[in-house]
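**Student:** I'd like to ask you about the structure that follows.
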Number of protein chains: 2
Amino acid sequence: MADQFEKGVARRIIAAIKEQIHSGIYQPGARLPSTRAFAAEWGVSRTTVTAAYSQLIAERYLETRRGARAVVAQGLATETAPMPATAAAPRHLSAFAKRLLALPSPAQAQTARMADFRYGDLSGADFPMLAWRRALNKASLRRTMQLRYGDPQGTLTLRTALQGYLWRARGIRCTPDQIVIVNGSQQGLDLCARLLLDPGDPFVIENPGYLLARHAFAAAGGVAVPVPVDEDGLRAESLPFARLAYVTPSHQFPLGSVLSAARRRALLTWAAHTGACIIEDDYDGEYRHGVAPIPPLQTLDAELVIYVGTLSKTLSPTLRLGYLVVPSSLCQAFREAKCLTDRHTPLLEQDALAELLTSGAYERHVRSIRRKNTERRAVLLQALADALGSSVTLAGVDTGLHVVIWIDDVAADREPAIIEAARAAGIGLYPVSPLYDPTEPRPAKAGFILGYAGLDAGALRRGVAVMAAVLDEFR
Amino acid sequence: MADQFEKGVARRIIAAIKEQIHSGIYQPGARLPSTRAFAAEWGVSRTTVTAAYSQLIAERYLETRRGARAVVAQGLATETAPMPATAAAPRHLSAFAKRLLALPSPAQAQTARMADFRYGDLSGADFPMLAWRRALNKASLRRTMQLRYGDPQGTLTLRTALQGYLWRARGIRCTPDQIVIVNGSQQGLDLCARLLLDPGDPFVIENPGYLLARHAFAAAGGVAVPVPVDEDGLRAESLPFARLAYVTPSHQFPLGSVLSAARRRALLTWAAHTGACIIEDDYDGEYRHGVAPIPPLQTLDAELVIYVGTLSKTLSPTLRLGYLVVPSSLCQAFREAKCLTDRHTPLLEQDALAELLTSGAYERHVRSIRRKNTERRAVLLQALADALGSSVTLAGVDTGLHVVIWIDDVAADREPAIIEAARAAGIGLYPVSPLYDPTEPRPAKAGFILGYAGLDAGALRRGVAVMAAVLDEFR
């Protein structure tokens with residue numbers, strides 16, 4: 001009886017897999033589930049699944065090589081439409097969706113063979129693996145009676161630990177109630193966009209500036225008011241009416257200037273009078289190279305400024321951990337928006353980060369990675385001086401994890417060709433020009449953002465040498 | 001010299017902490033950072049910080065007990081306004097923010113002493129700690145050269161593993177391209193709201209139904225069209241025009257009915273003709289008690305249905321892991337919205353889940369937790385029969401992790417008093433009535449949702465006995 005039952009199951013498995021292959025769900029070369037996983041879900045013995053797989057191998061639906069897992073045989077004809085689909089009208093999309101789809105897509109990441117100067121990458125070797133695993137283990141061992149949804153703003157333990165850190169590291173005074181833990185600063189920007197902007201509302205943004213911030217505000221229906229930056233940061237002297245201003249005052253992205261004291265005052269006065277919020281993105285405030293720390297705008301007026309912090313530049317962009325410090329009048333709105341958006345940030349990461357902060361391991365790590373990036377920067381600047389000398393102009397070298405390099409005698413319209421030639425030589429280069437507002441004049445010279453935090457000294461030197469050789473062909 | 005420097009630093013630390021206390025940043029009783037953490041960030045020796053703390057203890061700003069960390073002394077006068085604040089006009093909020101703040105706040109979770117029947121809780125003892133830690137360790141040991149942002153839709157490894165799982169477990173046929181990994185199903189619902197609804201657009205929602213779904217659509221500006229449910233699920237025969245319909249066809253939340261075959265067809269036909277999307281929330285599809293598995297709506301028409309899945313009911317709500325299976329025509333919109341919203345779901349959880357799925361550990365765990373919850377359900381039903389007999393009516397007992405209990409001779413307006421009396425007796429009870437649309441008639445009888453997945457047999461029996469005693473006083 002049992003045997004008959006198992007045979008019946010094997011026949012059903014065979015028929016089901018054939019159907020999946022014919023309908024294109026499993027493409028030629030696709031791996032099938034392991035017999036163990038398959039047996040587990042169907043509630044049958046592995047022997048039954050193995051028998052079914054063997055039959056399919058015999059019928060040439062599947063093939064195996066050197067004991068590896070079965071894959072769908074090459075050359076099997078599949079239908080072109082893999083899904084059952086209606087001929088119904090296309091689904092209606094919201095205005096948000098239409099604005100979103102009209103935005104230029106960010107360039108797809110492709111790993112460069114030799115050296116990738118992509119901004120935002122960190123070196124895997126810099127990650128504090130031991131401390132993080134210890135913190136994770138400690139957090140995951142903390143068994144609780146009940147597993148239930150957490151506080152939308154983040155755990156009180158983490159917010160209290162962050163409060164202390166922000167005061168010590170950045171001079172920020174706030175209560176844990178003002179802190180909202182978010183899934184990376186991008187979620188913080190998106191929450192700001194949703195809570196502060198209606199379609200048609202103007203927003204001030206640095207030109208050039210951070211693309212994904214502009215996109216978040218534009219997708220919410222905001223109308224960009226690009227304001228130029230110079231060596232003193234955003235030209236804040238005569239700003240027009242807007243609902244919010246997005247700024248990077250400690251280290252303008254990408255050009256690297258610091259917002260001057262006079263402009264800080266002008267910006268705050270403007271916000272106080274217009275009712276606008278200032279969104280201060282302190283994306284790399286931990287990295288200073290021999291210059292005094294710059295107190296955030298938030299320390300000057302906590303009711304006008306939403307401070308955006310991230311762990312993506314000190315721990316890893318893959319953790320998706322960031323935080324906001326919001327004015328007390330906006331706490332409830334941010335709290336409820338975070339709850340509606342995704343309930344809360346995963347507790348495991350929150351607990352691990354709180355552990356790192358309270359044990360002092362995080363601050364030790366920041367000092368260590370700051371030192372490593374100071375070394376990388378010195379290597380990069382020396383290599384650029386050696387290979388390119390006075391034929392390029394550098395910007396934004398005092399802080400952060402990137403420099404901007406302007407190629408003095410090459411026109412901006414050669415950027416795509418240079419990038420392609422660099423890519424062919426194994427180098428990843430990223431242009432400055434897409435960070436300029438599309439409606440404003442762009443710089444005449446070709447320029448690139450060189451992120452260095454993901455590369456070791458050898459890769460930096462080789463990368464610069466190859467880049468110099470590539471640039472030579474464009475002069 | 002060095003000594004003078006350290007003394008200067010100690011003085012600055014003392015002044016800074018005093019200021020923090022006076023301005024109310026540190027409230028009486030608040031713990032100060034450890035001397036180690038403090039010293040680390042200020043870049044001074046621990047001796048210096050200890051000296052500063054000692055001085056503050058001597059001046060009675062701080063106090064310590066039994067070698068514990070220093071806390072702010074009780075009875076210190078603090079100013080009432082802890083923050084420097086402008087007298088500026090309140091910040092402008094978007095229409096989204098105003099709608100959000102006008103929604104009724106979900107009841108705050110308070111842990112009940114004896115038994116909390118809160119729906120959505122899982123037992124900490126059921127979490128597959130060993131398998132999860134093994135998977136986490138494996139994932140966190142996988143060192144990569146570069147740490148960089150991942151795929152907005154989720155890692156291909158996880159999406160491929162889920163594709164196989166969804167086919168085996170739920171009969172869903174899809175490609176990895178159609179899967180979007182989200183931070184729990186709530187983020188999936190919020191993405192649907194943003195991409196499919198404009199302010200003023202009608203949406204169909206079950207009445208009674210899931211509150212946080214209704215809130216997500218209402219906050220996006222959608223206008224709820226509540227449609228009653230009966231023992232065959234949503235009354236889908238004559239639906240009005242709407243942009244989307246949110247349904248729980250496998251196990252209606254909260255009443256527990258299964259959407260009938262005829263109504264499934266009616267719903268799909270309506271969607272095909274109106275251009276609406278169907279959002280199928282399969283929130284507890286893994287839990288069936290002696291009934292045949294119910295194939296999702298998605299298997300009937302993959303271009304009309306957005307399937308929402310979650311790991312919150314099998315692993316933990318604190319992980320924030322869920323997924324969508326979206327029609328191929330909507331893949332790009334969901335992908336770009338996820339990227340703009342928070343770049344991607346944390347890689348660590350994604351890697352660990354992929355590991356569980358491909359090793360078969362997840363399916364083993366599902367069978368184990370399904371068995372445990374079948375046992376809990378039997379205990380609960382027996383306890384209810386013993387203590388309350390025919391004085392209550394049960395609904396939705398065939399599947400899922402909760403039952404609804406209607407108190408036959410008690411009016412709905414007694415719910416708050418019953419909840420309060422139960423709370424005083426150590427029992428957490430949650431009413432059905434807030435899940436009804438506020439503009440529609442509500443049931444006459446008092447009713448409660450009893451979630452049982454977070455409680456052991458003893459707590460279930462004790463909880464029911466106390467609940468019965470409480471209810472007795474209301475008859």
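Every chain in the structure tokens takes a letter, A first, then B, and so on in the order presented; its residues are numbered from 1, and the ligands are numbered from 1 following the presented order.
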Range 378-384 of chain A: which residues within 8 Å, counting only C-alpha atoms, same-chain residues fewer than 2 positions away excluded, as a PyMOL selection string?

**Tutor:** chain A and resi 374-376+386-389+452+457+460-461+464-465

**Student:** Write the residues of the selection above to a file with all heavy atoms, as a CSV table (one decimal), in the first residue's frame.

**Tutor:**
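File written: result_18.csv
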```csv
chain,number,residue,atom,x,y,z
A,374,THR,N,42.2,57.2,6.0
A,374,THR,CA,43.2,58.3,5.9
A,374,THR,C,44.4,57.8,5.1
A,374,THR,O,44.9,58.5,4.2
A,374,THR,CB,43.6,58.8,7.3
A,374,THR,OG1,42.4,59.2,8.0
A,374,THR,CG2,44.6,59.9,7.2
A,375,GLU,N,44.8,56.5,5.3
A,375,GLU,CA,45.9,55.9,4.6
A,375,GLU,C,45.5,55.8,3.1
A,375,GLU,O,46.3,56.1,2.2
A,375,GLU,CB,46.2,54.6,5.2
A,375,GLU,CG,47.0,54.7,6.5
A,375,GLU,CD,47.0,53.4,7.3
A,375,GLU,OE1,46.7,52.3,6.7
A,375,GLU,OE2,47.3,53.4,8.5
A,376,ARG,N,44.3,55.2,2.9
A,376,ARG,CA,43.9,55.1,1.5
A,376,ARG,C,43.9,56.4,0.7
A,376,ARG,O,44.4,56.5,-0.4
A,376,ARG,CB,42.5,54.5,1.4
A,376,ARG,CG,42.4,53.1,1.7
A,376,ARG,CD,41.0,52.5,1.4
A,376,ARG,NE,40.9,51.1,1.8
A,376,ARG,CZ,40.4,50.7,2.9
A,376,ARG,NH1,39.8,51.6,3.7
A,376,ARG,NH2,40.4,49.4,3.2
A,386,ASP,N,51.4,61.7,-8.8
A,386,ASP,CA,52.5,61.1,-9.6
A,386,ASP,C,52.1,60.9,-11.0
A,386,ASP,O,52.8,61.2,-12.0
A,386,ASP,CB,52.8,59.7,-9.0
A,386,ASP,CG,53.5,59.8,-7.7
A,386,ASP,OD1,53.9,61.0,-7.3
A,386,ASP,OD2,53.7,58.8,-7.0
A,387,ALA,N,50.8,60.4,-11.2
A,387,ALA,CA,50.4,60.0,-12.6
A,387,ALA,C,49.8,61.2,-13.4
A,387,ALA,O,49.9,61.2,-14.6
A,387,ALA,CB,49.4,58.9,-12.5
A,388,LEU,N,49.2,62.1,-12.7
A,388,LEU,CA,48.4,63.1,-13.5
A,388,LEU,C,48.9,64.5,-13.2
A,388,LEU,O,48.6,65.4,-13.9
A,388,LEU,CB,46.9,63.0,-13.2
A,388,LEU,CG,46.3,61.7,-13.8
A,388,LEU,CD1,45.1,61.3,-13.0
A,388,LEU,CD2,46.0,61.8,-15.2
A,389,GLY,N,49.6,64.7,-12.1
A,389,GLY,CA,50.2,66.0,-11.7
A,389,GLY,C,49.2,67.1,-11.9
A,389,GLY,O,48.1,67.1,-11.3
A,452,TYR,N,37.2,55.7,-2.6
A,452,TYR,CA,38.4,54.9,-2.4
A,452,TYR,C,38.3,54.0,-1.2
A,452,TYR,O,39.2,53.2,-0.9
A,452,TYR,CB,39.6,55.8,-2.2
A,452,TYR,CG,39.5,57.0,-1.2
A,452,TYR,CD1,39.6,56.7,0.2
A,452,TYR,CD2,39.2,58.3,-1.6
A,452,TYR,CE1,39.5,57.7,1.1
A,452,TYR,CE2,39.1,59.3,-0.6
A,452,TYR,CZ,39.2,59.0,0.7
A,452,TYR,OH,39.1,60.0,1.6
A,457,ALA,N,45.6,49.6,-1.1
A,457,ALA,CA,46.7,50.5,-1.7
A,457,ALA,C,47.1,50.0,-3.1
A,457,ALA,O,47.2,50.9,-4.0
A,457,ALA,CB,47.9,50.5,-0.7
A,460,LEU,N,44.4,50.8,-5.6
A,460,LEU,CA,44.4,52.3,-5.8
A,460,LEU,C,45.5,52.7,-6.8
A,460,LEU,O,45.3,53.5,-7.7
A,460,LEU,CB,44.5,53.0,-4.5
A,460,LEU,CG,43.3,53.0,-3.6
A,460,LEU,CD1,43.6,53.5,-2.2
A,460,LEU,CD2,42.1,53.8,-4.2
A,461,ARG,N,46.7,52.2,-6.5
A,461,ARG,CA,47.8,52.6,-7.4
A,461,ARG,C,47.7,52.1,-8.8
A,461,ARG,O,47.8,52.9,-9.8
A,461,ARG,CB,49.2,52.1,-6.8
A,461,ARG,CG,49.6,52.8,-5.5
A,461,ARG,CD,51.0,52.6,-5.1
A,461,ARG,NE,51.3,53.1,-3.8
A,461,ARG,CZ,51.3,52.3,-2.7
A,461,ARG,NH1,51.1,51.0,-2.8
A,461,ARG,NH2,51.5,52.8,-1.5
A,464,VAL,N,44.8,54.1,-10.5
A,464,VAL,CA,45.2,55.4,-11.0
A,464,VAL,C,46.1,55.3,-12.2
A,464,VAL,O,45.9,56.1,-13.2
A,464,VAL,CB,45.8,56.2,-9.8
A,464,VAL,CG1,46.4,57.5,-10.4
A,464,VAL,CG2,44.8,56.5,-8.7
A,465,ALA,N,47.0,54.4,-12.2
A,465,ALA,CA,47.9,54.3,-13.3
A,465,ALA,C,47.2,54.0,-14.6
A,465,ALA,O,47.4,54.6,-15.7
A,465,ALA,CB,49.0,53.2,-13.1
```

**Student:** Skip range 241-245 of chain A itself and residues of its chain fewer than 2 positions away, then list as number ranges by chain all residues within 10 Å of it, counting only C-alpha atoms.

**Tutor:** A: 192-193, 196-198, 201-206, 217, 222-227, 238-239, 247, 267, 270-271, 273-280, 304-305; B: 91-94

**Student:** Neighbours of Arg60 in chain B within 9 Å (only C-alpha atoms; same-chain residues fewer than 3 positions away dropped), as a short mmCIF file (atom, residue, chain, number, x, y, z; two decimals) with all heavy atoms, in the first residue's frame?

**Tutor:**
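Once everything was written out, this is out-v4.cif:
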```
data_model
loop_
_atom_site.label_atom_id
_atom_site.label_comp_id
_atom_site.auth_asym_id
_atom_site.auth_seq_id
_atom_site.Cartn_x
_atom_site.Cartn_y
_atom_site.Cartn_z
N GLN B 55 34.57 63.88 39.98
CA GLN B 55 34.30 65.26 40.36
C GLN B 55 32.79 65.52 40.38
O GLN B 55 32.26 66.15 41.29
CB GLN B 55 35.01 66.20 39.36
CG GLN B 55 34.77 67.69 39.59
CD GLN B 55 35.38 68.14 40.91
OE1 GLN B 55 36.37 67.58 41.39
NE2 GLN B 55 34.78 69.16 41.53
N LEU B 56 32.10 64.99 39.34
CA LEU B 56 30.65 65.20 39.26
C LEU B 56 29.92 64.46 40.38
O LEU B 56 28.89 64.92 40.87
CB LEU B 56 30.13 64.73 37.88
CG LEU B 56 30.51 65.67 36.73
CD1 LEU B 56 30.37 64.95 35.39
CD2 LEU B 56 29.65 66.93 36.75
N ILE B 57 30.48 63.32 40.78
CA ILE B 57 29.89 62.59 41.92
C ILE B 57 30.10 63.41 43.19
O ILE B 57 29.18 63.58 43.99
CB ILE B 57 30.51 61.18 42.03
CG1 ILE B 57 30.03 60.31 40.85
CG2 ILE B 57 30.15 60.53 43.36
CD1 ILE B 57 30.83 59.05 40.63
N GLU B 63 25.45 60.01 40.82
CA GLU B 63 25.58 59.12 41.96
C GLU B 63 25.82 57.70 41.46
O GLU B 63 25.44 57.34 40.33
CB GLU B 63 24.35 59.20 42.88
CG GLU B 63 23.02 59.06 42.17
CD GLU B 63 21.82 59.44 43.06
OE1 GLU B 63 21.96 60.37 43.89
OE2 GLU B 63 20.77 58.81 42.92
N VAL B 72 22.48 60.03 36.79
CA VAL B 72 22.22 61.42 37.18
C VAL B 72 21.48 61.42 38.51
O VAL B 72 20.55 60.64 38.71
CB VAL B 72 21.39 62.12 36.08
CG1 VAL B 72 21.01 63.54 36.52
CG2 VAL B 72 22.17 62.16 34.78
N ALA B 73 21.92 62.28 39.41
CA ALA B 73 21.35 62.32 40.76
C ALA B 73 19.87 62.70 40.72
O ALA B 73 19.45 63.48 39.86
CB ALA B 73 22.12 63.31 41.62
#
```

**Student:** Which one of A:Ala272, A:Thr318, A:Gly8, A:Ile14 sits closest to Gly150 in chain B if you count only C-alpha atoms?

**Tutor:** A:Thr318

**Student:** Do a neighbour search on Asp151 in chain A at 9 Å with only C-alpha atoms, toss out local chain neighbours closer than 4 positions, and write the hits as a CSV table (one decimal) with C-alpha atoms, in the first residue's frame.

**Tutor:**
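Resulting contents of around08.csv:
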```csv
chain,number,residue,atom,x,y,z
A,155,THR,CA,14.3,49.7,20.5
A,156,LEU,CA,14.8,52.0,23.4
A,335,ARG,CA,6.8,57.3,14.2
A,339,CYS,CA,5.0,51.9,11.5
A,343,ARG,CA,6.4,48.3,11.2
A,344,HIS,CA,10.0,48.7,12.4
A,345,THR,CA,13.6,47.9,11.4
```

**Student:** Can you tell me how far CA of Leu435 in chain B sits from CA of Ala459 in chain B, in Å to one decimal?

**Tutor:** 25.9 Å

**Student:** Env of Pro104 in chain A: 10 Å cut, atoms = only C-alpha atoms, seq-sep filter 4 positions within chain, self excluded. Answer as an NGL selection string.

**Tutor:** :A and (100 or 211 or 215 or 434)

**Student:** Would you write out those residues with C-alpha atoms, as a PDB file, in the first residue's frame?

**Tutor:**
```pdb
ATOM      1  CA  LEU A 100       9.056  57.148 -10.407  1.00  0.00           C
ATOM      2  CA  LEU A 211      20.803  61.764  -6.894  1.00  0.00           C
ATOM      3  CA  HIS A 215      14.684  61.195  -6.765  1.00  0.00           C
ATOM      4  CA  PRO A 434      24.552  63.169 -13.778  1.00  0.00           C
TER       5      PRO A 434
END
```

**Student:** Which residues come within 10 Å of Ile405 in chain B, counting only C-alpha atoms, excluding same-chain residues fewer than 5 positions away, as a VMD selection string?

**Tutor:** chain B and resid 255 384 392 to 397 431 to 432 446 to 450

**Student:** Just to be explicit: take each residue in the selection above, keep all heavy atoms, and write the result as an mmCIF file, in the first residue's frame.

**Tutor:**
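out.cif written:
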```
data_model
loop_
_atom_site.group_PDB
_atom_site.id
_atom_site.type_symbol
_atom_site.label_atom_id
_atom_site.label_comp_id
_atom_site.auth_asym_id
_atom_site.auth_seq_id
_atom_site.Cartn_x
_atom_site.Cartn_y
_atom_site.Cartn_z
ATOM 1 N N LEU B 255 -12.246 36.668 10.376
ATOM 2 C CA LEU B 255 -13.342 35.714 10.641
ATOM 3 C C LEU B 255 -13.055 34.293 10.181
ATOM 4 O O LEU B 255 -13.751 33.361 10.579
ATOM 5 C CB LEU B 255 -14.660 36.234 10.051
ATOM 6 C CG LEU B 255 -15.157 37.562 10.648
ATOM 7 C CD1 LEU B 255 -16.509 37.943 10.068
ATOM 8 C CD2 LEU B 255 -15.255 37.486 12.177
ATOM 9 N N LEU B 384 -11.871 26.107 25.833
ATOM 10 C CA LEU B 384 -13.039 26.959 25.585
ATOM 11 C C LEU B 384 -14.332 26.157 25.757
ATOM 12 O O LEU B 384 -15.300 26.639 26.351
ATOM 13 C CB LEU B 384 -12.974 27.556 24.173
ATOM 14 C CG LEU B 384 -11.913 28.639 23.948
ATOM 15 C CD1 LEU B 384 -11.797 28.983 22.466
ATOM 16 C CD2 LEU B 384 -12.238 29.902 24.750
ATOM 17 N N VAL B 392 -20.662 30.619 23.919
ATOM 18 C CA VAL B 392 -19.885 31.385 22.940
ATOM 19 C C VAL B 392 -19.973 30.697 21.581
ATOM 20 O O VAL B 392 -20.256 29.503 21.495
ATOM 21 C CB VAL B 392 -18.393 31.517 23.349
ATOM 22 C CG1 VAL B 392 -18.249 32.290 24.658
ATOM 23 C CG2 VAL B 392 -17.730 30.158 23.468
ATOM 24 N N THR B 393 -19.725 31.469 20.519
ATOM 25 C CA THR B 393 -19.688 30.917 19.165
ATOM 26 C C THR B 393 -18.290 31.153 18.618
ATOM 27 O O THR B 393 -17.762 32.266 18.720
ATOM 28 C CB THR B 393 -20.719 31.631 18.273
ATOM 29 O OG1 THR B 393 -21.984 31.576 18.921
ATOM 30 C CG2 THR B 393 -20.801 30.967 16.910
ATOM 31 N N LEU B 394 -17.693 30.109 18.044
ATOM 32 C CA LEU B 394 -16.337 30.241 17.512
ATOM 33 C C LEU B 394 -16.379 30.387 15.996
ATOM 34 O O LEU B 394 -17.248 29.828 15.331
ATOM 35 C CB LEU B 394 -15.503 29.005 17.877
ATOM 36 C CG LEU B 394 -15.298 28.744 19.368
ATOM 37 C CD1 LEU B 394 -14.381 27.544 19.575
ATOM 38 C CD2 LEU B 394 -14.699 29.976 20.036
ATOM 39 N N ALA B 395 -15.423 31.114 15.455
ATOM 40 C CA ALA B 395 -15.320 31.259 13.997
ATOM 41 C C ALA B 395 -13.863 31.113 13.595
ATOM 42 O O ALA B 395 -12.956 31.456 14.358
ATOM 43 C CB ALA B 395 -15.853 32.626 13.562
ATOM 44 N N GLY B 396 -13.667 30.587 12.395
ATOM 45 C CA GLY B 396 -12.328 30.555 11.812
ATOM 46 C C GLY B 396 -11.364 29.597 12.465
ATOM 47 O O GLY B 396 -10.170 29.888 12.590
ATOM 48 N N VAL B 397 -11.848 28.415 12.860
ATOM 49 C CA VAL B 397 -10.971 27.505 13.601
ATOM 50 C C VAL B 397 -10.190 26.546 12.700
ATOM 51 O O VAL B 397 -9.290 25.861 13.180
ATOM 52 C CB VAL B 397 -11.770 26.673 14.644
ATOM 53 C CG1 VAL B 397 -12.407 27.594 15.679
ATOM 54 C CG2 VAL B 397 -12.824 25.815 13.977
ATOM 55 N N PRO B 431 -10.345 43.086 20.891
ATOM 56 C CA PRO B 431 -11.712 43.050 20.357
ATOM 57 C C PRO B 431 -11.755 42.937 18.835
ATOM 58 O O PRO B 431 -10.803 43.319 18.150
ATOM 59 C CB PRO B 431 -12.273 44.403 20.795
ATOM 60 C CG PRO B 431 -11.082 45.303 20.821
ATOM 61 C CD PRO B 431 -9.916 44.450 21.245
ATOM 62 N N VAL B 432 -12.875 42.439 18.339
ATOM 63 C CA VAL B 432 -13.073 42.346 16.894
ATOM 64 C C VAL B 432 -13.552 43.683 16.322
ATOM 65 O O VAL B 432 -13.205 44.046 15.203
ATOM 66 C CB VAL B 432 -14.096 41.231 16.558
ATOM 67 C CG1 VAL B 432 -14.358 41.177 15.049
ATOM 68 C CG2 VAL B 432 -13.589 39.877 17.029
ATOM 69 N N ALA B 446 -20.441 41.073 21.626
ATOM 70 C CA ALA B 446 -19.016 41.266 21.906
ATOM 71 C C ALA B 446 -18.232 40.118 21.267
ATOM 72 O O ALA B 446 -18.695 38.973 21.238
ATOM 73 C CB ALA B 446 -18.768 41.288 23.412
ATOM 74 N N GLY B 447 -17.069 40.438 20.740
ATOM 75 C CA GLY B 447 -16.245 39.404 20.101
ATOM 76 C C GLY B 447 -14.770 39.704 20.307
ATOM 77 O O GLY B 447 -14.372 40.878 20.407
ATOM 78 N N PHE B 448 -13.981 38.648 20.380
ATOM 79 C CA PHE B 448 -12.544 38.802 20.608
ATOM 80 C C PHE B 448 -11.762 37.896 19.673
ATOM 81 O O PHE B 448 -12.221 36.816 19.306
ATOM 82 C CB PHE B 448 -12.190 38.492 22.072
ATOM 83 C CG PHE B 448 -12.892 39.402 23.035
ATOM 84 C CD1 PHE B 448 -14.103 39.031 23.616
ATOM 85 C CD2 PHE B 448 -12.379 40.655 23.313
ATOM 86 C CE1 PHE B 448 -14.777 39.890 24.468
ATOM 87 C CE2 PHE B 448 -13.046 41.525 24.164
ATOM 88 C CZ PHE B 448 -14.240 41.145 24.741
ATOM 89 N N ILE B 449 -10.564 38.366 19.301
ATOM 90 C CA ILE B 449 -9.639 37.562 18.504
ATOM 91 C C ILE B 449 -8.664 36.918 19.481
ATOM 92 O O ILE B 449 -7.959 37.627 20.196
ATOM 93 C CB ILE B 449 -8.851 38.439 17.517
ATOM 94 C CG1 ILE B 449 -9.813 39.256 16.662
ATOM 95 C CG2 ILE B 449 -7.937 37.598 16.655
ATOM 96 C CD1 ILE B 449 -9.103 40.356 15.897
ATOM 97 N N LEU B 450 -8.647 35.610 19.490
ATOM 98 C CA LEU B 450 -7.715 34.921 20.383
ATOM 99 C C LEU B 450 -6.558 34.356 19.564
ATOM 100 O O LEU B 450 -6.709 33.350 18.868
ATOM 101 C CB LEU B 450 -8.420 33.781 21.138
ATOM 102 C CG LEU B 450 -9.661 34.143 21.970
ATOM 103 C CD1 LEU B 450 -10.203 32.888 22.658
ATOM 104 C CD2 LEU B 450 -9.326 35.208 23.019
#
```

**Student:** May I ask for the distance between CA of Pro443 in chain A and CA of Ala411 in chain A, given in Å to one decimal place?

**Tutor:** 8.8 Å

**Student:** What are the DSSP strand (DSSP E or B) residues of range 206-304 of chain B, as a ChimeraX atom specification?

**Tutor:** /B:206-207,223-230,233-234,244-247,277-281,288

**Student:** Measuring between only C-alpha atoms, which one of B:Val325, B:Leu101, B:Cys331, B:Ala262 shows the shortest distance to chain A?

**Tutor:**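 Between B:Val325, B:Leu101, B:Cys331, B:Ala262, the residue approaching chain A most closely is B:Leu101.
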
**Student:** Just checking: using only C-alpha atoms, which residue out of B:Ser185, B:Trp167, B:Asp413, B:Pro249 ends up closest to Leu311 in chain B?

**Tutor:**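 When distances to Leu311 in chain B are compared using only C-alpha atoms, the smallest one comes from B:Ser185.
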
**Student:** Restricting the calculation to only C-alpha atoms, which member of A:Glu286, A:Asp437, A:Glu473, A:Asp232 is positioned closest to chain B?

**Tutor:**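 Result for the nearest residue to chain B: A:Glu286.
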
**Student:** Ranking B:Ala70, B:Leu324, B:Leu471, B:Ala30 by minimum distance to Pro176 in chain B and counting only C-alpha atoms, which one comes first?

**Tutor:**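 Going through B:Ala70, B:Leu324, B:Leu471, B:Ala30 one by one, the smallest distance to Pro176 in chain B is for B:Leu324.
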